[in-house]
file start.cif (mmCIF, C-alpha atoms and all ligand atoms)
data_coords
loop_
_atom_site.label_atom_id
_atom_site.label_comp_id
_atom_site.auth_asym_id
_atom_site.auth_seq_id
_atom_site.Cartn_x
_atom_site.Cartn_y
_atom_site.Cartn_z
CA MET A 14 0.14 -18.88 -10.96
CA HIS A 15 -0.66 -18.95 -14.66
CA ILE A 16 -3.69 -16.76 -15.48
CA GLU A 17 -5.92 -16.94 -18.51
CA VAL A 18 -8.86 -14.72 -19.30
CA ARG A 19 -11.12 -15.54 -22.24
CA ASN A 20 -13.60 -13.10 -23.78
CA LEU A 21 -14.45 -11.29 -20.58
CA ASP A 22 -17.49 -9.03 -20.88
CA LYS A 23 -19.23 -6.84 -18.33
CA HIS A 24 -22.08 -4.33 -18.32
CA PHE A 25 -23.19 -2.09 -15.49
CA GLY A 26 -26.81 -1.44 -16.45
CA ASN A 27 -26.62 -0.20 -20.04
CA PHE A 28 -22.99 0.74 -19.75
CA HIS A 29 -20.58 -1.63 -21.47
CA ALA A 30 -17.58 -1.44 -19.10
CA VAL A 31 -15.46 -4.41 -20.31
CA LYS A 32 -15.60 -5.56 -23.94
CA ASP A 33 -14.42 -9.01 -24.95
CA VAL A 34 -11.09 -8.87 -23.14
CA SER A 35 -8.74 -11.87 -23.42
CA PHE A 36 -5.19 -12.34 -22.18
CA GLU A 37 -2.74 -14.77 -20.66
CA ILE A 38 -0.18 -14.13 -17.95
CA GLU A 39 2.80 -16.38 -17.28
CA LYS A 40 3.59 -17.36 -13.72
CA GLY A 41 5.67 -14.86 -11.77
CA ARG A 42 5.15 -11.92 -14.13
CA LEU A 43 4.39 -8.39 -12.98
CA ILE A 44 1.71 -6.91 -15.21
CA GLY A 45 0.58 -3.29 -15.40
CA LEU A 46 -3.01 -2.56 -16.39
CA LEU A 47 -2.72 0.92 -17.81
CA GLY A 48 -5.26 3.31 -19.29
CA PRO A 49 -7.36 6.41 -18.79
CA SER A 50 -9.77 6.75 -15.90
CA GLY A 51 -13.04 4.88 -16.38
CA GLY A 52 -11.57 2.54 -19.00
CA GLY A 53 -12.41 -0.65 -17.12
CA LYS A 54 -9.13 -1.56 -15.37
CA THR A 55 -10.58 -1.88 -11.89
CA SER A 56 -13.55 -3.84 -13.23
CA ILE A 57 -11.17 -6.40 -14.77
CA LEU A 58 -9.24 -6.66 -11.49
CA ARG A 59 -12.46 -7.11 -9.51
CA MET A 60 -13.63 -9.91 -11.79
CA LEU A 61 -10.29 -11.68 -11.37
CA ALA A 62 -10.73 -11.32 -7.63
CA GLY A 63 -14.30 -12.63 -7.68
CA LEU A 64 -15.70 -9.37 -6.29
CA GLU A 65 -17.65 -8.87 -9.51
CA GLN A 66 -19.20 -11.47 -11.82
CA PRO A 67 -18.62 -11.19 -15.58
CA ASP A 68 -21.66 -11.27 -17.91
CA SER A 69 -19.76 -13.76 -20.02
CA GLY A 70 -16.25 -15.07 -20.45
CA GLU A 71 -13.99 -17.36 -18.49
CA ILE A 72 -11.27 -16.89 -15.92
CA LEU A 73 -8.77 -19.72 -15.48
CA PHE A 74 -6.11 -20.05 -12.79
CA HIS A 75 -3.63 -22.86 -13.49
CA GLY A 76 -5.91 -23.88 -16.37
CA GLU A 77 -8.94 -24.35 -14.08
CA ARG A 78 -12.09 -22.26 -14.32
CA VAL A 79 -12.56 -20.13 -11.20
CA ASN A 80 -15.69 -18.14 -12.18
CA GLU A 81 -17.75 -19.94 -9.54
CA LEU A 82 -15.18 -19.61 -6.74
CA ALA A 83 -15.71 -17.05 -3.96
CA PRO A 84 -12.95 -14.43 -3.52
CA GLN A 85 -11.48 -16.15 -0.46
CA GLU A 86 -11.22 -19.44 -2.38
CA ARG A 87 -9.14 -17.97 -5.20
CA GLY A 88 -5.78 -17.64 -3.38
CA ILE A 89 -5.48 -13.91 -4.05
CA GLY A 90 -3.86 -11.06 -2.10
CA PHE A 91 -5.00 -7.45 -2.51
CA VAL A 92 -3.50 -4.05 -2.01
CA PHE A 93 -5.65 -0.99 -2.59
CA GLN A 94 -4.93 2.67 -2.99
CA SER A 95 -6.28 3.53 0.45
CA TYR A 96 -4.27 1.77 3.09
CA ALA A 97 -7.25 -0.08 4.53
CA LEU A 98 -5.22 -1.21 7.53
CA PHE A 99 -6.99 -1.99 10.79
CA LYS A 100 -6.44 1.20 12.76
CA HIS A 101 -6.76 -0.34 16.19
CA MET A 102 -4.23 -3.11 15.44
CA THR A 103 -0.44 -2.99 15.52
CA VAL A 104 1.68 -3.65 12.45
CA PHE A 105 2.25 -7.18 13.71
CA ASP A 106 -1.46 -7.88 14.14
CA ASN A 107 -2.34 -6.31 10.81
CA ILE A 108 0.10 -8.63 9.03
CA ALA A 109 -1.00 -11.63 11.12
CA PHE A 110 -4.69 -11.06 10.48
CA GLY A 111 -5.18 -13.31 7.44
CA LEU A 112 -3.26 -16.12 9.11
CA GLN A 113 -5.31 -15.90 12.30
CA VAL A 114 -8.49 -16.13 10.26
CA LYS A 115 -7.09 -19.32 8.71
CA LYS A 116 -6.35 -20.64 12.23
CA VAL A 117 -2.66 -21.07 11.53
CA PRO A 118 -0.72 -22.11 14.70
CA LYS A 119 0.59 -19.17 16.76
CA GLN A 120 4.28 -20.01 16.39
CA THR A 121 3.96 -20.33 12.61
CA ILE A 122 2.18 -16.96 12.47
CA LYS A 123 4.96 -15.35 14.46
CA GLU A 124 7.63 -16.73 12.16
CA ARG A 125 5.76 -15.78 9.02
CA VAL A 126 5.07 -12.23 10.25
CA MET A 127 8.71 -11.70 11.21
CA GLU A 128 9.78 -12.97 7.81
CA LEU A 129 7.46 -10.46 6.12
CA VAL A 130 8.50 -7.63 8.41
CA GLU A 131 12.04 -8.33 7.31
CA LEU A 132 11.11 -8.64 3.64
CA THR A 133 9.18 -5.36 3.57
CA GLY A 134 11.77 -3.40 5.56
CA LEU A 135 9.53 -2.89 8.59
CA LYS A 136 11.76 -4.38 11.24
CA GLY A 137 11.42 -2.45 14.51
CA PHE A 138 7.94 -1.17 13.60
CA GLU A 139 6.00 -4.29 14.66
CA ARG A 140 4.41 -2.69 17.70
CA ARG A 141 3.41 0.57 16.08
CA TYR A 142 -0.11 1.47 15.08
CA PRO A 143 -0.97 2.69 11.56
CA HIS A 144 -1.26 6.33 12.68
CA GLN A 145 2.37 6.16 13.87
CA LEU A 146 3.62 5.32 10.36
CA SER A 147 4.28 7.33 7.20
CA GLY A 148 2.15 6.74 4.11
CA GLY A 149 4.90 4.70 2.48
CA GLN A 150 5.35 2.53 5.58
CA ARG A 151 1.61 1.93 5.84
CA GLN A 152 1.52 0.80 2.26
CA ARG A 153 4.38 -1.60 2.94
CA VAL A 154 2.35 -3.03 5.83
CA ALA A 155 -0.53 -3.47 3.36
CA PHE A 156 1.81 -5.45 1.08
CA ALA A 157 3.06 -7.59 3.96
CA ARG A 158 -0.51 -8.29 5.05
CA ALA A 159 -1.53 -9.27 1.53
CA LEU A 160 1.46 -11.59 1.16
CA ALA A 161 1.15 -13.25 4.57
CA PRO A 162 -1.27 -16.07 3.59
CA GLU A 163 1.01 -16.90 0.62
CA PRO A 164 -1.42 -16.01 -2.16
CA GLN A 165 -0.67 -17.16 -5.68
CA LEU A 166 -1.81 -13.94 -7.29
CA LEU A 167 -1.37 -10.40 -6.03
CA LEU A 168 -3.80 -7.72 -7.23
CA LEU A 169 -2.82 -4.10 -6.72
CA ASP A 170 -5.23 -1.27 -7.44
CA GLU A 171 -3.33 2.02 -7.75
CA PRO A 172 -1.25 1.03 -4.72
CA PHE A 173 0.80 4.24 -4.67
CA ALA A 174 -1.79 6.77 -5.80
CA ALA A 175 -2.22 8.29 -2.34
CA ILE A 176 1.52 8.70 -1.74
CA ASP A 177 3.58 11.78 -2.62
CA ALA A 178 5.82 11.82 -5.66
CA LYS A 179 9.24 11.23 -4.11
CA ILE A 180 8.20 8.31 -1.89
CA ARG A 181 6.15 6.87 -4.75
CA GLN A 182 9.32 6.76 -6.83
CA GLU A 183 11.11 4.80 -4.10
CA LEU A 184 8.18 2.45 -3.63
CA ARG A 185 8.14 1.55 -7.32
CA ALA A 186 11.70 0.28 -7.19
CA TRP A 187 10.94 -1.40 -3.89
CA LEU A 188 7.87 -3.14 -5.34
CA ARG A 189 9.78 -4.47 -8.34
CA GLU A 190 12.41 -5.95 -6.10
CA LEU A 191 9.84 -7.38 -3.69
CA ILE A 192 7.89 -9.10 -6.46
CA GLU A 193 11.09 -10.48 -7.95
CA ARG A 194 12.10 -11.94 -4.61
CA VAL A 195 8.72 -13.42 -3.81
CA GLY A 196 8.18 -14.58 -7.39
CA ILE A 197 4.43 -14.09 -7.24
CA THR A 198 2.27 -13.35 -10.29
CA SER A 199 1.05 -9.77 -9.83
CA ILE A 200 -1.26 -7.37 -11.62
CA PHE A 201 -1.38 -3.70 -10.81
CA VAL A 202 -3.72 -1.02 -12.04
CA THR A 203 -2.38 2.42 -12.79
CA HIS A 204 -3.21 5.39 -14.97
CA ASP A 205 0.37 6.60 -14.73
CA GLN A 206 2.39 5.59 -17.79
CA ASP A 207 5.77 6.21 -16.12
CA GLU A 208 4.79 3.92 -13.27
CA ALA A 209 3.73 1.16 -15.65
CA ILE A 210 6.87 1.48 -17.79
CA GLU A 211 9.17 1.46 -14.78
CA VAL A 212 7.58 -1.33 -12.81
CA ALA A 213 5.90 -3.80 -15.15
CA ASP A 214 7.35 -6.73 -17.09
CA GLU A 215 4.40 -6.36 -19.40
CA ILE A 216 1.76 -3.71 -19.90
CA MET A 217 -1.83 -4.12 -20.98
CA ILE A 218 -3.35 -0.91 -22.32
CA ILE A 219 -7.06 -0.69 -21.57
CA SER A 220 -9.27 2.00 -23.03
CA GLU A 221 -13.06 2.20 -23.22
CA GLY A 222 -13.37 -1.37 -22.04
CA ARG A 223 -11.07 -2.81 -24.69
CA MET A 224 -7.57 -4.18 -24.62
CA GLU A 225 -5.66 -1.95 -27.03
CA GLN A 226 -2.29 -3.66 -26.75
CA LYS A 227 -0.29 -6.04 -24.57
CA GLY A 228 3.47 -6.30 -24.53
CA SER A 229 6.69 -5.26 -22.83
CA PRO A 230 7.00 -1.53 -22.17
CA TRP A 231 9.75 -1.37 -24.77
CA ASP A 232 7.76 -3.17 -27.48
CA ILE A 233 4.71 -1.02 -26.89
CA TYR A 234 6.78 2.14 -26.98
CA ARG A 235 8.59 1.07 -30.15
CA GLU A 236 5.57 -0.30 -31.96
CA PRO A 237 2.32 1.16 -30.69
CA SER A 238 -0.44 -0.72 -32.48
CA THR A 239 -3.03 2.06 -32.46
CA PRO A 240 -2.92 5.88 -32.54
CA PHE A 241 -4.39 5.82 -29.05
CA VAL A 242 -1.45 3.78 -27.72
CA ALA A 243 1.05 5.98 -29.56
CA SER A 244 -0.31 9.05 -27.84
CA PHE A 245 -0.83 7.39 -24.45
CA ILE A 246 2.63 5.80 -24.11
CA GLY A 247 5.32 8.37 -24.70
CA GLN A 248 4.71 11.51 -26.69
CA SER A 249 3.65 11.75 -30.28
CA THR A 250 2.13 14.27 -32.63
CA LEU A 251 -0.71 13.43 -34.97
CA VAL A 252 0.07 14.88 -38.37
CA ASP A 253 -2.80 16.85 -39.89
CA ASP A 254 -1.17 17.75 -43.17
CA PRO A 255 0.98 14.95 -44.64
CA SER A 256 1.87 16.89 -47.80
CA GLU A 257 4.97 18.39 -46.17
CA LEU A 258 6.28 15.18 -44.62
CA ARG A 259 9.39 14.96 -46.78
CA GLY A 260 10.19 11.34 -47.57
CA PHE A 261 6.79 10.03 -46.47
CA GLU A 262 4.20 12.10 -48.32
CA ALA A 263 3.59 9.60 -51.14
CA GLU A 264 3.05 6.63 -48.85
CA VAL A 265 0.80 8.52 -46.45
CA ALA A 266 -1.39 9.84 -49.27
CA ALA A 267 -1.61 6.46 -51.04
CA SER A 268 -2.64 4.53 -47.92
CA GLN A 269 -4.94 7.21 -46.46
CA ALA A 270 -3.21 6.64 -43.16
CA LYS A 271 -3.11 8.61 -39.97
CA ALA A 272 0.51 9.53 -39.29
CA LEU A 273 2.08 9.98 -35.85
CA ILE A 274 5.59 11.10 -35.09
CA ARG A 275 7.56 10.78 -31.87
CA PRO A 276 9.76 13.70 -30.76
CA GLU A 277 12.97 11.67 -30.86
CA TYR A 278 12.53 10.92 -34.57
CA ILE A 279 12.53 14.57 -35.52
CA GLU A 280 15.88 16.26 -36.09
CA ILE A 281 16.13 20.00 -36.49
CA GLY A 282 19.02 22.18 -37.58
CA SER A 283 20.35 24.60 -40.13
CA GLU A 284 20.99 23.75 -43.79
CA ARG A 285 24.65 22.91 -43.08
CA ASP A 286 23.75 20.41 -40.33
CA PHE A 287 22.32 18.03 -42.93
CA SER A 288 23.83 16.31 -45.95
CA LEU A 289 22.57 17.51 -49.31
CA LEU A 290 20.90 14.14 -49.84
CA SER A 291 18.70 14.37 -46.74
CA ALA A 292 15.03 14.92 -47.43
CA THR A 293 14.60 17.82 -45.05
CA ALA A 294 11.52 20.01 -44.93
CA ALA A 295 11.28 23.73 -44.20
CA GLY A 296 10.13 24.54 -40.68
CA VAL A 297 9.60 27.53 -38.43
CA VAL A 298 10.23 27.53 -34.67
CA LYS A 299 6.91 28.22 -32.93
CA HIS A 300 7.69 27.67 -29.30
CA VAL A 301 10.68 26.81 -27.11
CA HIS A 302 10.24 25.59 -23.58
CA PHE A 303 12.91 24.68 -21.02
CA ARG A 304 12.23 21.30 -19.39
CA GLY A 305 15.17 20.83 -17.03
CA SER A 306 17.47 18.50 -18.92
CA GLU A 307 16.56 19.65 -22.41
CA TRP A 308 14.51 22.07 -24.47
CA LEU A 309 11.15 21.19 -25.88
CA VAL A 310 10.75 22.74 -29.30
CA GLU A 311 7.58 23.11 -31.35
CA VAL A 312 8.22 23.53 -35.00
CA GLU A 313 5.73 24.20 -37.73
CA VAL A 314 6.10 22.18 -40.90
CA GLY A 315 3.41 22.80 -43.49
CA GLY A 316 0.12 22.71 -41.57
CA ASN A 317 1.57 20.69 -38.68
CA VAL A 318 3.09 21.68 -35.38
CA LEU A 319 5.59 18.97 -34.44
CA THR A 320 7.16 18.56 -31.03
CA THR A 321 10.79 17.61 -30.57
CA PHE A 322 13.59 17.96 -28.01
CA ARG A 323 16.98 19.58 -28.17
CA SER A 324 19.88 19.07 -25.78
CA LEU A 325 21.11 21.88 -23.57
CA GLU A 326 24.50 22.47 -25.17
CA LYS A 327 23.10 23.65 -28.46
CA GLU A 328 22.49 27.36 -28.93
CA THR A 329 19.02 28.54 -28.04
CA LEU A 330 16.55 28.77 -30.87
CA GLN A 331 14.59 31.92 -31.61
CA ILE A 332 10.84 31.97 -32.10
CA GLY A 333 10.10 32.52 -35.78
CA GLN A 334 13.50 31.22 -36.87
CA GLU A 335 13.55 29.23 -40.11
CA ILE A 336 15.11 25.81 -39.79
CA ARG A 337 15.37 22.48 -41.62
CA VAL A 338 13.50 19.47 -40.28
CA LEU A 339 14.40 15.84 -40.93
CA ILE A 340 11.86 13.19 -39.95
CA HIS A 341 13.46 9.81 -39.37
CA ARG A 342 10.44 7.64 -38.62
CA VAL A 343 6.68 7.83 -38.91
CA TYR A 344 3.99 5.57 -37.46
CA LEU A 345 1.15 4.96 -39.88
CA TYR A 346 -2.34 3.66 -39.18
CA ASN A 347 -5.25 3.03 -41.51
CA GLU A 348 -8.36 0.87 -41.43
CA GLU A 349 -6.45 -2.31 -42.22
CA ARG A 350 -3.09 -2.12 -40.55
CA SER A 351 -0.43 -0.24 -38.66
CA TRP A 352 3.15 0.07 -39.88
CA ILE A 353 6.35 2.06 -39.53
CA VAL A 354 8.21 3.91 -42.26
CA GLU A 355 11.82 5.04 -41.88
CA ASN A 356 13.53 7.74 -43.85
CA PRO A 357 16.50 6.20 -45.63
P1 LIG B 401 -10.20 4.43 -12.69
O1 LIG B 401 -8.77 4.58 -13.09
O2 LIG B 401 -10.93 5.74 -12.64
O3 LIG B 401 -10.43 3.57 -11.48
P2 LIG B 401 -10.90 2.19 -14.35
O4 LIG B 401 -10.23 2.04 -15.66
O5 LIG B 401 -10.42 1.35 -13.23
O6 LIG B 401 -10.93 3.69 -13.94
P3 LIG B 401 -13.47 1.05 -13.79
O7 LIG B 401 -13.42 1.44 -12.35
O8 LIG B 401 -13.29 -0.35 -14.14
O9 LIG B 401 -12.45 1.93 -14.62
O10 LIG B 401 -14.83 1.58 -14.36
C1 LIG B 401 -15.21 1.42 -15.72
C2 LIG B 401 -16.57 2.08 -15.92
O11 LIG B 401 -17.58 1.30 -15.30
C3 LIG B 401 -16.68 3.47 -15.33
O12 LIG B 401 -17.37 4.29 -16.24
C4 LIG B 401 -17.45 3.28 -14.05
O13 LIG B 401 -18.21 4.42 -13.75
C5 LIG B 401 -18.32 2.09 -14.38
N1 LIG B 401 -18.60 1.28 -13.19
C6 LIG B 401 -17.69 0.63 -12.45
N2 LIG B 401 -18.29 -0.05 -11.44
C7 LIG B 401 -19.60 0.21 -11.53
C8 LIG B 401 -20.75 -0.20 -10.79
N3 LIG B 401 -20.65 -1.00 -9.72
N4 LIG B 401 -21.95 0.27 -11.18
C9 LIG B 401 -22.06 1.07 -12.25
N5 LIG B 401 -21.03 1.49 -13.00
C10 LIG B 401 -19.80 1.06 -12.67
#

call {"tool": "encode", "arguments": {"input": "start.cif", "output": "structure tokens"}}
result
Amino acid sequence: MHIEVRNLDKHFGNFHAVKDVSFEIEKGRLIGLLGPSGGGKTSILRMLAGLEQPDSGEILFHGERVNELAPQERGIGFVFQSYALFKHMTVFDNIAFGLQVKKVPKQTIKERVMELVELTGLKGFERRYPHQLSGGQRQRVAFARALAPEPQLLLLDEPFAAIDAKIRQELRAWLRELIERVGITSIFVTHDQDEAIEVADEIMIISEGRMEQKGSPWDIYREPSTPFVASFIGQSTLVDDPSELRGFEAEVAASQAKALIRPEYIEIGSERDFSLLSATAAGVVKHVHFRGSEWLVEVEVGGNVLTTFRSLEKETLQIGQEIRVLIHRVYLYNEERSWIVENP
């Protein structure tokens, strides 16, 4: 289903929870709503579902306004963080529930449930009760139940938040595959950037009720449109003192921009590691921290402490050691625009 949201606005009392949010979603896409807690993600999802009414703005499914439709008339499936399965019903009956409500013929229900049991990898578990399942299995039942009535939009609110890290990792891959196979337009809320990057075709970054940016994970990572996005997706350091940013200092000063740097665009080494033409700056190693597959290094350049990574093979750096620092790329933001500058 094609989704369009125009100028959605919502207050709770005096609190402005959703501020003029607009977006479009193509049919069959998997969208991640990502942002800090309290930013308004769930409120947007609930308005799409019809569980909450916007103060103003329009919601269109297939180009038709649905603001006035009740939740059950919108053709939506839900999966929430808490499993919300019926405890006294078997897996089969949980999945069949929405179809029974719709008075679908028994034989059709049976076929549809078995199809979903197969699709969600729950074959052999049909007669079990929720308490006889693991957290991951219960959440798969929740997906099967949501998909059973063949909704045209699937809304997922932190579907894996209650599940431990290893299983959550497996479920992410599983979800991607499931959504691809079913081909259903889906929106999921998360505050976990790794989850959004791994699972979503497109991410919408929501903060303080506003849409900060929408795009593919790769585009957002490469070209974060605000300092908030640059620090929320991936790592970056805000530069306090641009005077020592060799190669960028003139541009930063002239445009009165905020400058952010990602770790992978900072290269460190000794004098002989760089060509004489490179605009390196003098730095001092402040902190070195082992992260498993690499070292995280904090290096002081002028009044800034920049974070970068170094691979394992290289010799260990000493705290206080003087090194050269080459910055390859800087993200700049001022009142008017955002742009990227590369060191030649
Ligand atoms: P989280 O990740 O914590 O769920 P979120 O981004 O989904 O956060 P929302 O749940 O949409 O954020 O909440 C946005 C803000 O609106 C919060 O400050 C919340 O306290 C407030 N809010 C949400 N629902 C209500 C309500 N029914 N009444 C009053 N305030 C509400």

call {"tool": "closest_atom_pairs", "arguments": {"input": "start.cif", "of": "chain A", "to": "ligand LIG 401 (chain B)", "cutoff": "8 Å", "atoms": "all atoms listed in the file", "output": "tab-separated table"}}
result
residue	atom	partner	partner_atom	distance
A:His24	CA	B:LIG401	O11	7.8
A:Phe25	CA	B:LIG401	C9	4.7
A:Gly26	CA	B:LIG401	C9	6.8
A:Phe28	CA	B:LIG401	O11	7.0
A:His29	CA	B:LIG401	O11	7.5
A:Ala30	CA	B:LIG401	O11	4.7
A:Val31	CA	B:LIG401	C1	7.4
A:Leu47	CA	B:LIG401	O4	7.9
A:Gly48	CA	B:LIG401	O4	6.3
A:Pro49	CA	B:LIG401	O4	6.1
A:Ser50	CA	B:LIG401	O2	3.6
A:Gly51	CA	B:LIG401	O6	3.4
A:Gly52	CA	B:LIG401	O4	3.6
A:Gly53	CA	B:LIG401	O8	3.1
A:Lys54	CA	B:LIG401	O4	3.8
A:Thr55	CA	B:LIG401	O5	3.5
A:Ser56	CA	B:LIG401	O8	3.6
A:Ile57	CA	B:LIG401	O8	6.4
A:Leu58	CA	B:LIG401	O8	8.0
A:Val202	CA	B:LIG401	O5	7.2
A:Thr203	CA	B:LIG401	O1	6.8
A:His204	CA	B:LIG401	O1	5.9
A:Ile219	CA	B:LIG401	O4	7.2
A:Ser220	CA	B:LIG401	O4	7.4
A:Glu221	CA	B:LIG401	C1	7.8
A:Gly222	CA	B:LIG401	C1	7.1

call {"tool": "closest_residue", "arguments": {"input": "start.cif", "among": "A:Asp205, A:Glu311, A:Asp177, A:Asp286", "to": "Thr250 of chain A", "atoms": "all atoms listed in the file"}}
result
A:Glu311

call {"tool": "atom_distance", "arguments": {"input": "start.cif", "atom1": "atom CA of Gly76 of chain A", "atom2": "atom CA of Met60 of chain A"}}
result
16.6 Å

call {"tool": "axis_aligned_box", "arguments": {"input": "start.cif", "around": "segment 240-248 of chain A", "padding_each_side": "6 Å", "output": "JSON"}}
result
{"center_x": 0.5, "center_y": 7.6, "center_z": -28.3, "size_x": 21.7, "size_y": 19.7, "size_z": 20.4}

call {"tool": "atom_distance", "arguments": {"input": "start.cif", "atom1": "atom CA of Gly63 of chain A", "atom2": "atom CA of Val242 of chain A"}}
result
28.9 Å

call {"tool": "residues_around", "arguments": {"input": "start.cif", "residues": "segment 163-171 of chain A", "least_positions_apart": "6", "cutoff": "8 Å", "atoms": "all atoms listed in the file", "output": "PDB file with C-alpha atoms, keeping the file's coordinate frame"}}
result
ATOM      1  CA  MET A  14       0.140 -18.880 -10.960  1.00  0.00           C
ATOM      2  CA  THR A  55     -10.580  -1.880 -11.890  1.00  0.00           C
ATOM      3  CA  LEU A  58      -9.240  -6.660 -11.490  1.00  0.00           C
ATOM      4  CA  ALA A  62     -10.730 -11.320  -7.630  1.00  0.00           C
ATOM      5  CA  GLY A  88      -5.780 -17.640  -3.380  1.00  0.00           C
ATOM      6  CA  ILE A  89      -5.480 -13.910  -4.050  1.00  0.00           C
ATOM      7  CA  GLY A  90      -3.860 -11.060  -2.100  1.00  0.00           C
ATOM      8  CA  PHE A  91      -5.000  -7.450  -2.510  1.00  0.00           C
ATOM      9  CA  VAL A  92      -3.500  -4.050  -2.010  1.00  0.00           C
ATOM     10  CA  PHE A  93      -5.650  -0.990  -2.590  1.00  0.00           C
ATOM     11  CA  GLN A  94      -4.930   2.670  -2.990  1.00  0.00           C
ATOM     12  CA  ILE A 197       4.430 -14.090  -7.240  1.00  0.00           C
ATOM     13  CA  THR A 198       2.270 -13.350 -10.290  1.00  0.00           C
ATOM     14  CA  SER A 199       1.050  -9.770  -9.830  1.00  0.00           C
ATOM     15  CA  ILE A 200      -1.260  -7.370 -11.620  1.00  0.00           C
ATOM     16  CA  PHE A 201      -1.380  -3.700 -10.810  1.00  0.00           C
ATOM     17  CA  VAL A 202      -3.720  -1.020 -12.040  1.00  0.00           C
ATOM     18  CA  THR A 203      -2.380   2.420 -12.790  1.00  0.00           C
ATOM     19  CA  HIS A 204      -3.210   5.390 -14.970  1.00  0.00           C
TER      20      HIS A 204
END

call {"tool": "residues_around", "arguments": {"input": "start.cif", "residues": "Ser288 of chain A", "least_positions_apart": "5", "cutoff": "12 Å", "atoms": "only C-alpha atoms", "output": "list in words"}}
result
Gly282, Ser283, Thr293, Arg337 and Leu339 of chain A

call {"tool": "write_last_selection", "arguments": {"input": "start.cif", "atoms": "C-alpha atoms", "output": "compact mmCIF listing (two decimals), in the coordinates of the input"}}
result
# COMPACT_ATOMS: atom_id res chain seq x y z
CA GLY A 282 19.02 22.18 -37.58
CA SER A 283 20.35 24.60 -40.13
CA THR A 293 14.60 17.82 -45.05
CA ARG A 337 15.37 22.48 -41.62
CA LEU A 339 14.40 15.84 -40.93

call {"tool": "closest_residue", "arguments": {"input": "start.cif", "among": "A:Leu132, A:Val301, A:Leu82, A:Leu64", "to": "Glu193 of chain A", "atoms": "only C-alpha atoms"}}
result
A:Leu132

call {"tool": "closest_residue", "arguments": {"input": "start.cif", "among": "A:Lys271, A:Arg158, A:Arg285, A:Arg304", "to": "Glu349 of chain A", "atoms": "only C-alpha atoms"}}
result
A:Lys271

call {"tool": "decode", "arguments": {"input": "start.cif", "residues": "segment 106-122 of chain A", "atoms": "C-alpha atoms", "output": "PDB file, in the first residue's frame"}}
result
ATOM      1  CA  ASP A 106      -5.730 -20.163  17.727  1.00  0.00           C
ATOM      2  CA  ASN A 107      -3.665 -17.034  18.286  1.00  0.00           C
ATOM      3  CA  ILE A 108      -2.859 -16.859  14.575  1.00  0.00           C
ATOM      4  CA  ALA A 109      -6.441 -17.743  13.601  1.00  0.00           C
ATOM      5  CA  PHE A 110      -7.985 -15.120  15.864  1.00  0.00           C
ATOM      6  CA  GLY A 111      -8.293 -12.231  13.396  1.00  0.00           C
ATOM      7  CA  LEU A 112      -9.747 -14.534  10.756  1.00  0.00           C
ATOM      8  CA  GLN A 113     -12.339 -15.960  13.141  1.00  0.00           C
ATOM      9  CA  VAL A 114     -13.428 -12.441  14.037  1.00  0.00           C
ATOM     10  CA  LYS A 115     -13.922 -11.801  10.321  1.00  0.00           C
ATOM     11  CA  LYS A 116     -15.997 -15.013  10.091  1.00  0.00           C
ATOM     12  CA  VAL A 117     -13.734 -16.551   7.479  1.00  0.00           C
ATOM     13  CA  PRO A 118     -14.743 -20.187   6.683  1.00  0.00           C
ATOM     14  CA  LYS A 119     -13.032 -22.798   8.880  1.00  0.00           C
ATOM     15  CA  GLN A 120     -11.194 -24.581   6.081  1.00  0.00           C
ATOM     16  CA  THR A 121      -9.798 -21.302   4.736  1.00  0.00           C
ATOM     17  CA  ILE A 122      -8.628 -20.361   8.237  1.00  0.00           C
TER      18      ILE A 122
END
